[in-house]
2 protein chains.
Amino acid sequence: MSKKIEVCLTPALIDLYDIEQSIVVVIDILRATSSITFGIENGAEAIIPVSLVEECLAYQEKGYLLAAERNGEVVEGYDFGNSPFSYTKEKVAGKTIVLTTTNGTKALHLANKRAYQVVIGSFLNLDSLSDYLASQDKNVLLLCAGWKDQFNLEDTLFAGAVVNKLRKNFEHFDDSSVAAEDLYMLAKDDLRKYLHKSSHSHRLAQLNIEEDVVFCLQLNVCKAIPVLEGERLVKLNPKP
Amino acid sequence: MSKKIEVCLTPALIDLYDIEQSIVVVIDILRATSSITFGIENGAEAIIPVSLVEECLAYQEKGYLLAAERNGEVVEGYDFGNSPFSYTKEKVAGKTIVLTTTNGTKALHLANKRAYQVVIGSFLNLDSLSDYLASQDKNVLLLCAGWKDQFNLEDTLFAGAVVNKLRKNFEHFDDSSVAAEDLYMLAKDDLRKYLHKSSHSHRLAQLNIEEDVVFCLQLNVCKAIPVLEGERLVKLNPKP
């Protein structure tokens with residue numbers, strides 16, 4: 001099969017893509033998909049993404065941990081928010097976490113309706129994710145969660161990193177793949193410095209999450225690939 | 001006033017932008033907005049963009065020239081299509097042309113509903129357009145027509161060229177402005193070579209319009225800035 005890789009720059013554009021036979025990689029670098037990757041790596045049994053803070057509450061009586069963030073801040077009364085530092089072994093091993101975020105959850109649900117498979121990408125699992133995508137006989141759509149349906153730099157840079165890894169394994173690349181890869185090549189020697197150019201970065205600076213940002217830009221500190229099974233994100237077990 | 005410049009990467013995203021007080025620059029480099037710029041420069045009295053080929057026909061009895069293109073080819077029975085070489089002085093001076101294109105017309109109509117002003121951008125009028133935008137006390141939205149609502153490289157590169165020209169005249173830049181400018185800086189020494197990486201370029205190569213592409217990538221061969229007045233694109237007369 002001649003394989004195609006495409007980059008959907010915001011969830012608002014997903015209806016333009018034919019994904020019934022594609023693996024969709026959901027990307028929300030700051031910080032949902034980085035935290036999900038880290039949580040699954042650290043032994044969380046499952047992470048359940050939900051759209052509304054109120055939906056989270058319905059899971060409380062089941063003994064699940066509740067994580068909720070709106071506009072980058074922990075929602076009052078929840079166990080934790082969206083910082084990857086909340087997803088350590090000590091806190092999440094063996095647990096199920098219910099997570100709602102501003103942009104990432106929305107992208108996940110949109111992809112889940114139609115895709116062959118939905119997996120989670122972040123700089124933390126770049127190599128293991130790329131190896132998996134290279135090994136499958138499927139097209140790939142890299143879905144950037146963006147910021148309130150707008151383009152953002154950090155998700156696009158990660159999409160570009162995956163395109164760059166997969167250049168030899170795929171034959172067809174759309175224009176947004178070309179752009180994302182070139183931006184990643186410009187930025188890769190110092191991702192943090194590059195993101196200082198971003199409007200999103202300014203917003204994040206105000207929220208005082210610089211440590212989170214630095215953490216989320218680390219390459220390959222995880223092997224786990226979270227995959228959506230029904231409504232739950234669990235650890236993918238690639239066939240040998 | 002602290003001025004903002006934003007890039008809307010496809011018409012499908014325009015509802016995310018507050019443009020009531022903005023000048024919107026519609027960009028469809030290959031080839032609608034290049035041809036429009038060239039036609040107005042060469043003395044066309046007006047160019048009327050319409051969405052449907054059938055709408056064009058209604059104007060025939062008024063003695064207007066009819067230009068129609070679908071999927072990059074001239075529609076049978078029309079005076080000409082979308083090639084800038086159709087818009088020479090000899091052919092268009094003093095005439096009104098009714099034009100329908102795949103992507104550009106759609107972007108124009110979407111912008112026209114809400115914007116303070118809608119103007120036309122192309123590499124052909126880069127400097128005069130940028131000077132005009134710098135001189136106005138308005139925010140700017142650079143609206144890429146894209147390809148069937150998807151991102152394309154050539155429109156984004158031009159948006160990046162404008163951002164680069166206006167860097168000192170504006171204070172706020174969104175993430176897509178940053179990305180577009182960086183891509184333009186990568187590509188600017190040989191725009192044609194860079195576009196060979198594009199899927200759109202492959203499609204255009206099949207249509208045998210290489211001469212058009214080379215023409216549309218020329219910088220500053222025109223001074224005219226087409227502006228939408230009602231339903232008609234006419235030559236802007238900037239106040240001295």
# chains A, B, ... in the order shown; residues from 1 in each chain; ligands from 1
call {"tool": "interface_residues", "arguments": {"of": "chain B", "to": "chain A", "cutoff": "8 Å", "atoms": "only C-alpha atoms", "output": "PDB file with N, CA, C and O atoms, in the first residue's frame"}}
result
ATOM      1  N   ALA B  12     -12.371  28.047   5.933  1.00  0.00           N
ATOM      2  CA  ALA B  12     -13.196  27.282   6.884  1.00  0.00           C
ATOM      3  C   ALA B  12     -13.037  27.789   8.311  1.00  0.00           C
ATOM      4  O   ALA B  12     -13.853  27.470   9.172  1.00  0.00           O
ATOM      5  N   LEU B  13     -12.001  28.571   8.566  1.00  0.00           N
ATOM      6  CA  LEU B  13     -11.748  29.056   9.925  1.00  0.00           C
ATOM      7  C   LEU B  13     -12.157  30.510  10.139  1.00  0.00           C
ATOM      8  O   LEU B  13     -11.987  31.051  11.230  1.00  0.00           O
ATOM      9  N   LEU B  16     -13.800  32.220  13.262  1.00  0.00           N
ATOM     10  CA  LEU B  16     -13.071  32.362  14.532  1.00  0.00           C
ATOM     11  C   LEU B  16     -12.526  33.778  14.732  1.00  0.00           C
ATOM     12  O   LEU B  16     -12.048  34.105  15.810  1.00  0.00           O
ATOM     13  N   ASP B 149     -10.865  24.300   1.145  1.00  0.00           N
ATOM     14  CA  ASP B 149     -10.874  24.532   2.593  1.00  0.00           C
ATOM     15  C   ASP B 149      -9.660  23.984   3.331  1.00  0.00           C
ATOM     16  O   ASP B 149      -9.577  24.095   4.555  1.00  0.00           O
ATOM     17  N   GLN B 150      -8.722  23.384   2.606  1.00  0.00           N
ATOM     18  CA  GLN B 150      -7.500  22.936   3.267  1.00  0.00           C
ATOM     19  C   GLN B 150      -6.394  23.978   3.110  1.00  0.00           C
ATOM     20  O   GLN B 150      -6.398  24.790   2.191  1.00  0.00           O
ATOM     21  N   PHE B 151      -5.465  23.913   4.039  1.00  0.00           N
ATOM     22  CA  PHE B 151      -4.244  24.708   4.028  1.00  0.00           C
ATOM     23  C   PHE B 151      -3.501  24.523   2.713  1.00  0.00           C
ATOM     24  O   PHE B 151      -3.402  23.415   2.216  1.00  0.00           O
ATOM     25  N   ASN B 152      -2.965  25.610   2.136  1.00  0.00           N
ATOM     26  CA  ASN B 152      -1.989  25.394   1.065  1.00  0.00           C
ATOM     27  C   ASN B 152      -0.743  26.261   1.257  1.00  0.00           C
ATOM     28  O   ASN B 152      -0.776  27.278   1.961  1.00  0.00           O
ATOM     29  N   LEU B 153       0.331  25.822   0.644  1.00  0.00           N
ATOM     30  CA  LEU B 153       1.614  26.486   0.885  1.00  0.00           C
ATOM     31  C   LEU B 153       1.701  27.861   0.239  1.00  0.00           C
ATOM     32  O   LEU B 153       2.185  28.808   0.852  1.00  0.00           O
ATOM     33  N   PHE B 173       0.958  39.519  16.872  1.00  0.00           N
ATOM     34  CA  PHE B 173       1.020  38.522  15.803  1.00  0.00           C
ATOM     35  C   PHE B 173       0.528  37.192  16.364  1.00  0.00           C
ATOM     36  O   PHE B 173       0.994  36.761  17.421  1.00  0.00           O
ATOM     37  N   ASP B 174      -0.395  36.540  15.687  1.00  0.00           N
ATOM     38  CA  ASP B 174      -0.846  35.235  16.191  1.00  0.00           C
ATOM     39  C   ASP B 174       0.109  34.126  15.727  1.00  0.00           C
ATOM     40  O   ASP B 174       1.057  34.369  14.961  1.00  0.00           O
ATOM     41  N   ASP B 175      -0.128  32.905  16.224  1.00  0.00           N
ATOM     42  CA  ASP B 175       0.782  31.798  15.911  1.00  0.00           C
ATOM     43  C   ASP B 175       0.875  31.534  14.414  1.00  0.00           C
ATOM     44  O   ASP B 175       1.953  31.191  13.899  1.00  0.00           O
ATOM     45  N   SER B 176      -0.234  31.672  13.703  1.00  0.00           N
ATOM     46  CA  SER B 176      -0.170  31.379  12.269  1.00  0.00           C
ATOM     47  C   SER B 176       0.620  32.459  11.521  1.00  0.00           C
ATOM     48  O   SER B 176       1.258  32.165  10.503  1.00  0.00           O
ATOM     49  N   VAL B 178       3.311  33.897  12.800  1.00  0.00           N
ATOM     50  CA  VAL B 178       4.697  33.507  13.070  1.00  0.00           C
ATOM     51  C   VAL B 178       5.115  32.376  12.124  1.00  0.00           C
ATOM     52  O   VAL B 178       6.178  32.419  11.488  1.00  0.00           O
ATOM     53  N   ALA B 179       4.255  31.373  12.016  1.00  0.00           N
ATOM     54  CA  ALA B 179       4.565  30.221  11.154  1.00  0.00           C
ATOM     55  C   ALA B 179       4.679  30.648   9.697  1.00  0.00           C
ATOM     56  O   ALA B 179       5.620  30.264   8.986  1.00  0.00           O
ATOM     57  N   ASP B 182       7.914  32.533   9.039  1.00  0.00           N
ATOM     58  CA  ASP B 182       9.094  31.651   9.026  1.00  0.00           C
ATOM     59  C   ASP B 182       9.155  30.806   7.749  1.00  0.00           C
ATOM     60  O   ASP B 182      10.231  30.573   7.197  1.00  0.00           O
ATOM     61  N   LEU B 183       7.994  30.345   7.291  1.00  0.00           N
ATOM     62  CA  LEU B 183       7.981  29.570   6.045  1.00  0.00           C
ATOM     63  C   LEU B 183       8.396  30.454   4.863  1.00  0.00           C
ATOM     64  O   LEU B 183       9.140  30.018   3.980  1.00  0.00           O
ATOM     65  N   LYS B 197       7.640  21.311  -3.462  1.00  0.00           N
ATOM     66  CA  LYS B 197       7.366  20.377  -2.373  1.00  0.00           C
ATOM     67  C   LYS B 197       5.862  20.204  -2.145  1.00  0.00           C
ATOM     68  O   LYS B 197       5.439  19.319  -1.405  1.00  0.00           O
ATOM     69  N   SER B 198       5.077  21.074  -2.752  1.00  0.00           N
ATOM     70  CA  SER B 198       3.656  21.135  -2.424  1.00  0.00           C
ATOM     71  C   SER B 198       2.814  20.160  -3.235  1.00  0.00           C
ATOM     72  O   SER B 198       3.038  19.954  -4.425  1.00  0.00           O
ATOM     73  N   SER B 199       1.796  19.603  -2.588  1.00  0.00           N
ATOM     74  CA  SER B 199       0.862  18.712  -3.296  1.00  0.00           C
ATOM     75  C   SER B 199       0.098  19.489  -4.359  1.00  0.00           C
ATOM     76  O   SER B 199      -0.199  18.986  -5.435  1.00  0.00           O
ATOM     77  N   HIS B 200      -0.229  20.736  -4.048  1.00  0.00           N
ATOM     78  CA  HIS B 200      -0.943  21.597  -4.973  1.00  0.00           C
ATOM     79  C   HIS B 200      -0.103  21.809  -6.240  1.00  0.00           C
ATOM     80  O   HIS B 200      -0.601  21.793  -7.359  1.00  0.00           O
TER      81      HIS B 200
END
call {"tool": "residues_around", "arguments": {"residues": "stretch 218-231 of chain A", "least_positions_apart": "3", "cutoff": "9 Å", "atoms": "only C-alpha atoms", "output": "ChimeraX atom specification"}}
result
/A:36-38,40-42,46-50,108-109,112,117-129,132,214-215,234-237
call {"tool": "residues_around", "arguments": {"residues": "B:Gly63", "least_positions_apart": "2", "cutoff": "9 Å", "atoms": "only C-alpha atoms", "output": "compact mmCIF listing (two decimals) with C-alpha atoms, in the first residue's frame"}}
result
# COMPACT_ATOMS: atom_id res chain seq x y z
CA TYR B 59 -24.01 38.74 -16.88
CA GLN B 60 -23.37 37.82 -20.51
CA GLU B 61 -26.09 40.01 -21.97
CA LEU B 65 -16.35 39.44 -20.25
CA LYS B 95 -13.94 46.28 -19.41
CA THR B 96 -15.89 44.62 -16.62
call {"tool": "residues_around", "arguments": {"residues": "A:Ser135", "least_positions_apart": "2", "cutoff": "12 Å", "atoms": "only C-alpha atoms", "output": "JSON, numbers by chain"}}
result
{"A": [3, 23, 128, 129, 130, 131, 132, 133, 137, 138, 139, 140, 166, 168, 169, 170, 238, 239, 240]}
call {"tool": "write_last_selection", "arguments": {"atoms": "N, CA and C atoms", "output": "compact mmCIF listing (two decimals), in the first residue's frame"}}
result
# COMPACT_ATOMS: atom_id res chain seq x y z
N LYS A 3 1.31 4.73 1.27
CA LYS A 3 0.75 5.35 2.47
C LYS A 3 0.82 6.89 2.44
N ILE A 23 -5.10 5.88 10.97
CA ILE A 23 -4.76 6.07 12.38
C ILE A 23 -4.68 7.58 12.62
N SER A 128 8.67 6.04 19.86
CA SER A 128 7.88 4.80 19.90
C SER A 128 6.60 4.98 19.07
N LEU A 129 6.02 6.16 19.12
CA LEU A 129 4.83 6.43 18.29
C LEU A 129 5.19 6.33 16.80
N SER A 130 6.29 6.96 16.41
CA SER A 130 6.68 6.96 15.00
C SER A 130 6.98 5.54 14.52
N ASP A 131 7.67 4.76 15.35
CA ASP A 131 7.95 3.37 14.98
C ASP A 131 6.65 2.59 14.77
N TYR A 132 5.69 2.83 15.64
CA TYR A 132 4.41 2.14 15.51
C TYR A 132 3.72 2.52 14.20
N LEU A 133 3.66 3.83 13.90
CA LEU A 133 2.99 4.29 12.68
C LEU A 133 3.68 3.75 11.43
N ASP A 137 0.06 -0.74 8.22
CA ASP A 137 -0.31 -0.55 6.82
C ASP A 137 -1.53 0.38 6.72
N LYS A 138 -1.40 1.56 7.28
CA LYS A 138 -2.52 2.51 7.35
C LYS A 138 -2.03 3.92 7.04
N ASN A 139 -2.94 4.74 6.50
CA ASN A 139 -2.67 6.17 6.41
C ASN A 139 -2.67 6.79 7.81
N VAL A 140 -2.07 7.97 7.92
CA VAL A 140 -1.98 8.63 9.22
C VAL A 140 -2.49 10.07 9.10
N LEU A 166 8.91 9.98 9.69
CA LEU A 166 8.24 9.02 8.82
C LEU A 166 8.45 9.27 7.34
N LYS A 168 10.57 8.47 5.19
CA LYS A 168 10.93 7.33 4.34
C LYS A 168 9.88 6.22 4.33
N ASN A 169 8.93 6.31 5.25
CA ASN A 169 7.94 5.24 5.37
C ASN A 169 6.62 5.56 4.67
N PHE A 170 6.47 6.80 4.23
CA PHE A 170 5.23 7.22 3.58
C PHE A 170 5.55 7.82 2.21
N PRO A 238 1.43 -3.06 20.93
CA PRO A 238 1.64 -3.36 19.50
C PRO A 238 1.94 -4.84 19.33
N LYS A 239 1.41 -5.39 18.25
CA LYS A 239 1.73 -6.79 17.94
C LYS A 239 3.22 -6.90 17.65
N PRO A 240 3.82 -7.99 18.09
CA PRO A 240 5.27 -8.16 17.91
C PRO A 240 5.62 -8.30 16.42
call {"tool": "select_by_dssp", "arguments": {"residues": "stretch 77-223 of chain B", "states": "alpha helix (DSSP H)", "output": "MDAnalysis selection string"}}
result
chainID B and resid 89:92 104:112 126:135 153:166 175:187 191:195 199:207 210:216
call {"tool": "write_last_selection", "arguments": {"atoms": "C-alpha atoms", "output": "short mmCIF file (atom, residue, chain, number, x, y, z; two decimals), in the first residue's frame"}}
result
data_model
loop_
_atom_site.label_atom_id
_atom_site.label_comp_id
_atom_site.auth_asym_id
_atom_site.auth_seq_id
_atom_site.Cartn_x
_atom_site.Cartn_y
_atom_site.Cartn_z
CA LYS B 89 -4.24 45.70 -21.15
CA GLU B 90 -5.39 44.72 -24.65
CA LYS B 91 -8.01 42.38 -23.30
CA VAL B 92 -9.32 44.07 -20.17
CA GLY B 104 -10.86 32.59 -4.24
CA THR B 105 -14.44 33.69 -4.79
CA LYS B 106 -15.63 31.74 -1.79
CA ALA B 107 -13.07 33.43 0.46
CA LEU B 108 -14.03 36.86 -0.90
CA HIS B 109 -17.70 36.37 -0.19
CA LEU B 110 -17.08 35.07 3.31
CA ALA B 111 -14.93 38.08 4.14
CA ASN B 112 -17.31 40.55 2.50
CA LEU B 126 3.17 42.94 -2.24
CA ASP B 127 4.85 46.27 -1.54
CA SER B 128 1.99 48.60 -2.42
CA LEU B 129 -0.42 46.44 -0.42
CA SER B 130 1.93 46.33 2.59
CA ASP B 131 2.45 50.09 2.48
CA TYR B 132 -1.29 50.59 2.45
CA LEU B 133 -1.87 48.26 5.41
CA ALA B 134 0.93 49.95 7.36
CA SER B 135 -0.69 53.33 6.79
CA LEU B 153 1.61 26.49 0.89
CA GLU B 154 1.53 29.26 -1.72
CA ASP B 155 -1.16 31.33 0.00
CA THR B 156 0.56 30.87 3.36
CA LEU B 157 3.91 31.96 1.92
CA PHE B 158 2.38 35.18 0.64
CA ALA B 159 0.71 35.82 4.01
CA GLY B 160 4.16 35.35 5.54
CA ALA B 161 5.66 37.86 3.12
CA VAL B 162 3.13 40.48 4.24
CA VAL B 163 3.74 39.70 7.92
CA ASN B 164 7.46 40.13 7.31
CA LYS B 165 6.92 43.50 5.61
CA LEU B 166 4.68 44.70 8.46
CA ASP B 175 0.78 31.80 15.91
CA SER B 176 -0.17 31.38 12.27
CA SER B 177 1.49 34.72 11.44
CA VAL B 178 4.70 33.51 13.07
CA ALA B 179 4.57 30.22 11.15
CA ALA B 180 3.72 31.89 7.83
CA GLU B 181 6.57 34.38 8.19
CA ASP B 182 9.09 31.65 9.03
CA LEU B 183 7.98 29.57 6.04
CA TYR B 184 8.31 32.61 3.79
CA MET B 185 11.82 33.30 5.06
CA LEU B 186 12.75 29.69 4.25
CA ALA B 187 11.23 29.89 0.79
CA LEU B 191 9.65 30.45 -4.20
CA ARG B 192 9.14 28.21 -7.23
CA LYS B 193 11.59 25.64 -5.97
CA TYR B 194 10.00 25.64 -2.55
CA LEU B 195 6.54 25.08 -4.03
CA SER B 199 0.86 18.71 -3.30
CA HIS B 200 -0.94 21.60 -4.97
CA SER B 201 2.12 22.16 -7.16
CA HIS B 202 1.94 18.56 -8.36
CA ARG B 203 -1.69 19.06 -9.22
CA LEU B 204 -0.92 22.28 -11.08
CA ALA B 205 1.92 20.64 -12.97
CA GLN B 206 -0.62 18.22 -14.40
CA LEU B 207 -2.67 21.17 -15.67
CA GLU B 210 3.92 26.35 -15.27
CA GLU B 211 4.11 29.74 -17.03
CA ASP B 212 1.22 31.00 -14.91
CA VAL B 213 2.92 29.83 -11.73
CA VAL B 214 6.16 31.60 -12.58
CA PHE B 215 4.18 34.75 -13.44
CA CYS B 216 2.23 34.67 -10.16
#
call {"tool": "select_by_dssp", "arguments": {"residues": "stretch 29-157 of chain A", "states": "strand (DSSP E)", "output": "JSON, numbers by chain"}}
result
{"A": [46, 47, 48, 49, 50, 65, 66, 67, 68, 69, 70, 73, 74, 96, 97, 98, 99, 100, 117, 118, 119, 120, 121, 139, 140, 141, 142, 143, 144]}
call {"tool": "atom_distance", "arguments": {"atom1": "atom CA of A:Ala67", "atom2": "atom CA of A:Ile29"}}
result
16.8 Å
